[in-house]
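Below: upload.tsv (TSV, C-alpha atoms)
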```
chain	number	residue	atom	x	y	z
U	1	MET	CA	47.89	103.29	140.83
U	2	THR	CA	46.95	102.96	137.19
U	3	PRO	CA	46.70	99.31	136.12
U	4	ARG	CA	48.85	98.32	133.21
U	5	PRO	CA	47.11	96.78	130.22
U	6	VAL	CA	47.70	93.09	129.87
U	7	SER	CA	48.25	91.72	126.38
U	8	THR	CA	48.43	88.14	125.18
U	9	PRO	CA	51.57	87.19	123.26
U	10	THR	CA	50.78	86.42	119.65
U	11	ASP	CA	52.38	82.93	119.91
U	12	VAL	CA	50.22	81.80	122.84
U	13	ARG	CA	47.28	79.51	121.96
U	14	PRO	CA	44.26	78.56	124.07
U	15	ALA	CA	44.80	75.58	126.38
U	16	TYR	CA	42.56	73.28	124.35
U	17	HIS	CA	45.01	73.58	121.44
U	18	LEU	CA	47.70	72.02	123.63
U	19	VAL	CA	45.70	68.83	124.15
U	20	PRO	CA	46.43	66.32	121.39
U	21	PRO	CA	43.34	65.09	119.53
U	22	PRO	CA	42.22	61.50	120.13
U	23	SER	CA	43.98	59.05	117.86
U	24	ALA	CA	42.03	57.72	114.89
U	25	GLY	CA	42.91	54.48	113.16
U	26	VAL	CA	42.10	50.79	112.96
U	27	LEU	CA	40.78	49.09	116.09
U	28	PRO	CA	42.71	45.84	116.63
U	29	THR	CA	40.38	42.84	116.41
U	30	THR	CA	40.33	40.86	119.62
U	31	THR	CA	38.50	37.88	121.15
U	32	ARG	CA	35.15	37.60	122.87
U	33	PHE	CA	34.84	38.05	126.59
U	34	PRO	CA	34.97	34.67	128.34
U	35	ALA	CA	31.64	33.21	129.39
U	36	PRO	CA	30.79	34.09	133.00
U	37	ALA	CA	31.26	31.40	135.60
U	38	ASP	CA	27.69	31.89	136.82
U	39	LEU	CA	25.29	30.80	134.10
U	40	SER	CA	22.27	30.91	136.38
U	41	ARG	CA	18.81	32.19	135.52
U	42	VAL	CA	18.70	35.43	133.54
U	43	GLN	CA	18.08	38.50	135.71
U	44	THR	CA	16.81	41.99	134.91
U	45	ALA	CA	17.98	45.46	135.92
U	46	SER	CA	17.33	46.13	139.59
U	47	ALA	CA	18.15	49.86	139.36
U	48	PRO	CA	18.23	52.57	136.68
U	49	VAL	CA	21.03	52.21	134.14
U	50	THR	CA	22.63	54.87	131.93
U	51	LEU	CA	25.30	54.12	129.32
U	52	ARG	CA	26.97	56.51	126.87
U	53	TYR	CA	29.62	55.63	124.26
U	54	ASP	CA	31.23	58.50	122.34
U	55	PHE	CA	34.29	56.51	121.08
U	56	ASP	CA	36.53	59.52	121.68
U	57	GLY	CA	39.23	57.69	123.66
U	58	GLY	CA	41.18	56.78	120.54
U	59	VAL	CA	42.61	53.49	119.32
U	60	GLY	CA	44.97	53.11	122.27
U	61	LYS	CA	42.28	52.78	124.94
U	62	PRO	CA	39.50	50.30	125.71
U	63	ILE	CA	36.07	51.24	124.38
U	64	GLU	CA	34.16	51.98	127.56
U	65	ASP	CA	31.06	53.96	128.40
U	66	ALA	CA	31.31	57.44	129.92
U	67	GLY	CA	31.43	55.94	133.41
U	68	GLY	CA	34.53	53.89	132.61
U	69	GLY	CA	32.89	50.47	132.44
U	70	HIS	CA	30.83	48.17	130.21
U	71	GLU	CA	33.69	47.62	127.77
U	72	LEU	CA	32.97	46.75	124.14
U	73	ARG	CA	35.44	44.68	122.14
U	74	PRO	CA	36.03	44.77	118.36
U	75	LEU	CA	35.33	41.36	116.78
U	76	GLY	CA	35.85	40.50	113.13
U	77	GLN	CA	35.95	37.76	110.53
U	78	ASN	CA	37.31	37.50	106.99
U	79	GLY	CA	39.53	40.52	107.50
U	80	GLY	CA	36.69	42.76	108.64
U	81	ALA	CA	37.90	45.61	110.84
U	82	LEU	CA	36.54	48.70	112.56
U	83	ARG	CA	38.13	52.15	112.33
U	84	LEU	CA	37.88	55.23	114.48
U	85	VAL	CA	37.42	58.24	112.20
U	86	PRO	CA	37.16	61.98	112.94
U	87	GLN	CA	33.67	63.23	113.71
U	88	GLY	CA	33.26	66.80	114.94
U	89	ALA	CA	35.69	67.31	117.82
U	90	GLY	CA	35.83	63.57	118.53
U	91	LEU	CA	35.67	60.20	116.82
U	92	ALA	CA	33.10	57.79	115.41
U	93	VAL	CA	33.26	54.10	114.48
U	94	ALA	CA	33.45	53.29	110.77
U	95	TYR	CA	32.28	49.81	109.76
U	96	PRO	CA	33.38	47.72	106.77
U	97	ASP	CA	32.08	48.81	103.38
U	98	ARG	CA	29.00	47.00	102.12
U	99	CYS	CA	30.18	43.68	100.75
U	100	THR	CA	29.61	42.92	97.06
U	101	LEU	CA	31.17	39.45	96.95
U	102	THR	CA	29.16	36.67	95.36
U	103	ARG	CA	29.25	34.48	98.46
U	104	GLU	CA	28.09	36.19	101.65
U	105	ARG	CA	30.10	33.76	103.75
U	106	ASP	CA	33.30	35.33	102.37
U	107	CYS	CA	32.34	38.90	103.29
U	108	PRO	CA	34.39	40.90	105.81
U	109	ARG	CA	32.42	41.38	109.03
U	110	ALA	CA	33.11	43.39	112.19
U	111	ILE	CA	31.09	44.50	115.22
U	112	LEU	CA	31.51	45.76	118.79
U	113	GLU	CA	30.42	43.34	121.52
U	114	GLY	CA	30.28	43.50	125.30
U	115	GLN	CA	30.05	40.72	127.84
U	116	ARG	CA	26.99	39.19	129.40
U	117	ASP	CA	25.52	41.75	131.76
U	118	ASP	CA	22.04	41.12	133.09
U	119	SER	CA	21.87	44.66	134.47
U	120	LEU	CA	21.30	45.74	130.85
U	121	ASN	CA	18.09	43.70	130.63
U	122	PRO	CA	15.22	46.18	130.96
U	123	GLY	CA	12.55	43.59	131.69
U	124	ARG	CA	9.33	45.63	131.73
U	125	ARG	CA	11.01	48.89	132.72
U	126	THR	CA	10.94	52.02	130.59
U	127	LEU	CA	13.72	52.02	128.03
U	128	ARG	CA	15.56	54.46	125.77
U	129	TYR	CA	18.36	53.48	123.42
U	130	GLY	CA	19.84	54.70	120.19
U	131	ALA	CA	22.80	56.12	118.30
U	132	SER	CA	23.85	58.62	115.68
U	133	VAL	CA	24.47	57.13	112.23
U	134	ARG	CA	25.78	58.24	108.87
U	135	MET	CA	24.98	56.07	105.87
U	136	THR	CA	24.80	56.39	102.10
U	137	GLN	CA	22.65	54.50	99.61
U	138	GLY	CA	25.65	52.26	98.95
U	139	ASP	CA	25.65	51.18	102.62
U	140	LEU	CA	22.12	49.79	102.55
U	141	ALA	CA	21.19	46.11	102.63
U	142	ASP	CA	18.33	43.89	103.71
U	143	GLY	CA	19.75	43.94	107.23
U	144	ALA	CA	21.87	46.59	108.98
U	145	ASN	CA	21.74	46.40	112.77
U	146	VAL	CA	22.89	49.42	114.76
U	147	VAL	CA	22.38	48.52	118.45
U	148	GLN	CA	20.86	45.39	119.94
U	149	LYS	CA	20.67	43.05	122.87
U	150	GLY	CA	19.22	39.60	122.24
U	151	TYR	CA	17.34	38.10	119.32
U	152	SER	CA	13.77	38.41	118.11
U	153	VAL	CA	13.31	34.68	117.43
U	154	GLY	CA	13.69	31.51	119.46
U	155	GLY	CA	12.12	32.88	122.62
U	156	VAL	CA	15.24	34.89	123.49
U	157	SER	CA	13.72	38.43	123.57
U	158	GLN	CA	15.33	41.57	122.19
U	159	PHE	CA	15.57	45.32	121.87
U	160	LYS	CA	17.11	46.57	118.64
U	161	LEU	CA	17.70	49.62	116.43
U	162	GLN	CA	18.29	48.97	112.75
U	163	VAL	CA	18.33	50.57	109.30
U	164	ASP	CA	16.92	47.86	107.08
U	165	HIS	CA	15.92	47.44	103.45
U	166	ARG	CA	16.96	49.44	100.41
U	167	GLN	CA	14.68	52.34	101.37
U	168	GLY	CA	16.96	53.37	104.26
U	169	HIS	CA	14.15	53.26	106.82
U	170	PRO	CA	15.32	53.19	110.46
U	171	SER	CA	13.25	51.13	112.87
U	172	CYS	CA	12.96	50.16	116.52
U	173	VAL	CA	12.21	46.56	117.46
U	174	ILE	CA	11.07	45.00	120.73
U	175	ALA	CA	10.37	41.29	121.14
U	176	GLY	CA	9.53	39.19	124.16
U	177	GLN	CA	9.73	35.44	124.58
U	178	ARG	CA	6.63	34.89	122.46
U	179	ALA	CA	6.84	34.83	118.67
U	180	VAL	CA	5.58	38.40	118.22
U	181	ILE	CA	7.82	41.24	117.00
U	182	TYR	CA	6.86	44.88	117.57
U	183	ARG	CA	8.40	47.34	115.13
U	184	ALA	CA	8.14	51.12	114.84
U	185	GLU	CA	9.32	52.10	111.36
U	186	PRO	CA	8.82	55.52	109.77
U	187	ARG	CA	8.91	56.03	106.01
U	188	ILE	CA	12.02	58.19	106.22
U	189	ASP	CA	15.27	57.61	104.32
U	190	VAL	CA	18.25	58.32	106.60
U	191	ALA	CA	20.86	57.01	104.14
U	192	ASP	CA	21.59	60.45	102.71
U	193	GLY	CA	25.23	60.84	103.69
U	194	THR	CA	24.51	63.09	106.69
U	195	TRP	CA	24.37	62.35	110.41
U	196	HIS	CA	21.04	61.43	111.97
U	197	ASP	CA	20.17	60.88	115.64
U	198	LEU	CA	18.05	57.74	116.03
U	199	GLU	CA	16.24	56.95	119.27
U	200	CYS	CA	13.94	54.16	120.42
U	201	LYS	CA	11.70	54.77	123.42
U	202	ARG	CA	9.66	52.11	125.17
U	203	THR	CA	7.09	53.19	127.74
U	204	GLU	CA	4.73	50.80	129.50
U	205	SER	CA	2.56	50.23	126.46
U	206	ARG	CA	4.22	51.96	123.49
U	207	LEU	CA	7.38	51.81	121.38
U	208	THR	CA	8.29	55.07	119.61
U	209	MET	CA	10.92	55.81	116.98
U	210	LEU	CA	12.43	59.32	117.01
U	211	VAL	CA	14.56	60.69	114.18
U	212	ASP	CA	16.61	63.79	114.96
U	213	GLY	CA	14.54	64.34	118.09
U	214	VAL	CA	11.15	64.16	116.36
U	215	PRO	CA	8.73	61.23	116.95
U	216	ARG	CA	8.15	59.60	113.56
U	217	ALA	CA	6.48	56.24	114.24
U	218	SER	CA	5.05	54.26	117.13
U	219	VAL	CA	3.39	50.95	117.88
U	220	THR	CA	1.49	49.57	120.85
U	221	VAL	CA	3.29	46.92	122.94
U	222	PRO	CA	1.86	44.78	125.75
U	223	PRO	CA	2.71	46.17	129.21
U	224	ALA	CA	3.63	42.62	130.27
U	225	LEU	CA	6.28	42.24	127.55
U	226	SER	CA	9.66	41.63	129.18
U	227	VAL	CA	13.10	41.82	127.54
U	228	ALA	CA	15.60	39.67	129.40
U	229	ASN	CA	18.31	37.52	127.84
U	230	ALA	CA	21.84	36.27	128.36
U	231	GLU	CA	23.17	37.99	125.22
U	232	PRO	CA	25.71	40.85	125.33
U	233	LEU	CA	25.15	44.36	124.04
U	234	ARG	CA	26.22	44.55	120.39
U	235	VAL	CA	26.84	47.50	118.06
U	236	GLY	CA	26.91	47.07	114.29
U	237	GLY	CA	25.53	43.56	113.89
U	238	LYS	CA	24.12	40.56	115.70
U	239	GLY	CA	27.54	38.88	115.81
U	240	PRO	CA	30.67	38.54	113.66
U	241	ALA	CA	29.57	35.29	111.98
U	242	ARG	CA	27.80	34.72	108.68
U	243	GLY	CA	24.35	36.29	108.30
U	244	ASN	CA	25.00	38.91	110.98
U	245	ASP	CA	22.99	41.79	109.46
U	246	GLN	CA	26.21	43.74	109.16
U	247	PHE	CA	26.03	47.52	109.46
U	248	ALA	CA	27.90	49.64	106.90
U	249	GLY	CA	28.57	53.33	107.49
U	250	GLU	CA	29.50	55.16	110.69
U	251	ILE	CA	28.09	55.04	114.22
U	252	ASP	CA	28.58	57.48	117.09
U	253	ASN	CA	27.03	58.39	120.46
U	254	VAL	CA	25.47	55.05	121.37
U	255	PHE	CA	23.29	55.28	124.47
U	256	LEU	CA	21.10	53.13	126.70
U	257	ASP	CA	18.80	54.28	129.52
U	258	ILE	CA	16.81	51.78	131.60
U	259	GLY	CA	14.25	53.05	134.06
U	260	ALA	CA	15.78	56.51	134.03
```
Could I get this structure in the form of structure tokens?
Amino acid sequence: MTPRPVSTPTDVRPAYHLVPPPSAGVLPTTTRFPAPADLSRVQTASAPVTLRYDFDGGVGKPIEDAGGGHELRPLGQNGGALRLVPQGAGLAVAYPDRCTLTRERDCPRAILEGQRDDSLNPGRRTLRYGASVRMTQGDLADGANVVQKGYSVGGVSQFKLQVDHRQGHPSCVIAGQRAVIYRAEPRIDVADGTWHDLECKRTESRLTMLVDGVPRASVTVPPALSVANAEPLRVGGKGPARGNDQFAGEIDNVFLDIGA
């Protein structure tokens, strides 16, 4: 038997064309997660942790990591709002434009914030965290925080990724409960209107900043330095209130690896 040739009708499209794209648009501003009932002593991660946020679910779904948990909520003040915008085959988060108002207290502000989760405290474990960002020179300011947990002052402890100053330099920051801040900052301007992958890597005694997969700066850190705090994971600023080191531009592919 001679097999008959099989042809594809001209009006048939591949299956992926039948799946509607994720919905872009404004993320409705909501309220903070309620404080946990148990406010006991701060703990650290007891097992490896891996989080990935690609923001591709669209405006109609909670912002959760790839495993379906660790929700982030949009918070804003003074009319500040976040938008999901097309990026490649998916979406990215667009933050409010850099504010030019005379009084900073009147500026629109918006961030993403999780809830207290001590399993995201690395303690002294190895740590990787970062995100992809797109910024222009008009997005720069003295403070533009990308990803952080905790604060670098007041004995709180912190890990943070930021793009600070008018030079557009990205930097990685680690701080323990003592008043010493460790920063790895390369002399590279990433505010050029294109996407850049930024990564911070803490080993036992070193903090390294990678830009687009290439190590660009590093600093020695004490092996005993521990990062553990009761603060939530935040993306785009240290909070929605005044003086929050508001990020301007777009963020995608946020990740966190502890002890992995």
Skipping near chain neighbours, those fewer than 2 positions away, what residues fall within 8 Å of Ala131 of chain U using only C-alpha atoms, listed as a ChimeraX atom specification?
/U:129,133,146-147,197-199,251-255
Deliver the residues from the most recent selection as a file, using C-alpha atoms, as an mmCIF file, in the frame of the given file.
```cif
data_model
loop_
_atom_site.group_PDB
_atom_site.id
_atom_site.type_symbol
_atom_site.label_atom_id
_atom_site.label_comp_id
_atom_site.auth_asym_id
_atom_site.auth_seq_id
_atom_site.Cartn_x
_atom_site.Cartn_y
_atom_site.Cartn_z
ATOM 1 C CA TYR U 129 18.360 53.480 123.420
ATOM 2 C CA VAL U 133 24.470 57.130 112.230
ATOM 3 C CA VAL U 146 22.890 49.420 114.760
ATOM 4 C CA VAL U 147 22.380 48.520 118.450
ATOM 5 C CA ASP U 197 20.170 60.880 115.640
ATOM 6 C CA LEU U 198 18.050 57.740 116.030
ATOM 7 C CA GLU U 199 16.240 56.950 119.270
ATOM 8 C CA ILE U 251 28.090 55.040 114.220
ATOM 9 C CA ASP U 252 28.580 57.480 117.090
ATOM 10 C CA ASN U 253 27.030 58.390 120.460
ATOM 11 C CA VAL U 254 25.470 55.050 121.370
ATOM 12 C CA PHE U 255 23.290 55.280 124.470
#
```
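Compared by their closest atoms to Val153 of chain U, and using only C-alpha atoms, the residues U:Gln177, U:Gln167, U:Thr31, U:Gln43 rank with U:Gln177 nearest.
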Quick one: everything within 12 Å of Gly67 of chain U, counting all atoms listed in the file, minus sequence neighbours fewer than 5 positions away in the same chain. Send it as a VMD selection string.
chain U and resid 49 to 54
For Gly154 of chain U, the nearest of the candidates U:Leu233, U:Ile181, U:Cys172, U:Ala248, counting only C-alpha atoms
U:Ile181
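For the residues U:Val173, U:Ala47, U:Ala24, U:Ala191, ranking by smallest atom-to-atom distance to Ala94 of chain U using all atoms listed in the file places U:Ala24 first.
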Any idea what the distance is between atom CA of Arg178 of chain U and atom CA of Asp38 of chain U?
25.7 Å
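Nearest-residue note for Ser23 of chain U: choosing from U:Gly69, U:Pro86, U:Gly130, U:Pro48, the minimum distance belongs to U:Pro86, counting only C-alpha atoms.
Between atom CA of Pro240 of chain U and atom CA of Pro108 of chain U there is a distance of 9.0 Å.
We find atom CA of Leu27 of chain U and atom CA of Leu75 of chain U to be spaced 9.5 Å apart.
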Fewer than 2 positions away in the same chain doesn't count, so skip those; otherwise give me all residues within 6 Å of segment 158-164 of chain U, counting all atoms listed in the file, as a ChimeraX atom specification.
/U:142-152,168-175,227
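For the residues U:Ser132, U:Gln137, U:Thr126, U:Thr194, ranking by smallest atom-to-atom distance to Val221 of chain U using only C-alpha atoms places U:Thr126 first.
Each of U:Lys201, U:Gly123, U:Pro74, U:Pro62 was checked against Gly213 of chain U using only C-alpha atoms; the smallest atom-to-atom distance is that of U:Lys201.
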Could you give me, as a PDB file with C-alpha atoms, in the frame of the given file, the residues within 9 Å of Pro96 of chain U, counting all atoms listed in the file and dropping anything in the same chain fewer than 2 positions from it?
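Okay, result.pdb is ready:
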```pdb
ATOM      1  CA  GLY U  80      36.690  42.760 108.640  1.00  0.00           C
ATOM      2  CA  ALA U  81      37.900  45.610 110.840  1.00  0.00           C
ATOM      3  CA  LEU U  82      36.540  48.700 112.560  1.00  0.00           C
ATOM      4  CA  ARG U  83      38.130  52.150 112.330  1.00  0.00           C
ATOM      5  CA  ALA U  94      33.450  53.290 110.770  1.00  0.00           C
ATOM      6  CA  ARG U  98      29.000  47.000 102.120  1.00  0.00           C
ATOM      7  CA  CYS U  99      30.180  43.680 100.750  1.00  0.00           C
ATOM      8  CA  PRO U 108      34.390  40.900 105.810  1.00  0.00           C
ATOM      9  CA  ARG U 109      32.420  41.380 109.030  1.00  0.00           C
ATOM     10  CA  ALA U 110      33.110  43.390 112.190  1.00  0.00           C
ATOM     11  CA  GLN U 246      26.210  43.740 109.160  1.00  0.00           C
ATOM     12  CA  PHE U 247      26.030  47.520 109.460  1.00  0.00           C
ATOM     13  CA  ALA U 248      27.900  49.640 106.900  1.00  0.00           C
ATOM     14  CA  GLY U 249      28.570  53.330 107.490  1.00  0.00           C
TER      15      GLY U 249
END
```
If we count all atoms listed in the file and set the cut-off at 8 Å, which residues sit around Gln115 of chain U, ignoring sequence neighbours fewer than 3 positions away in its own chain? Please answer as a ChimeraX atom specification.
/U:32-35,70-72,231-233
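For the point (17.0, 49.9, 129.9), the residues with an atom at a distance of at most 7 Å are Val49, Leu120, Asn121, Pro122, Arg125, Thr126, Leu127, Arg128, Leu256, Asp257, Ile258 and Gly259 of chain U, counting only C-alpha atoms.
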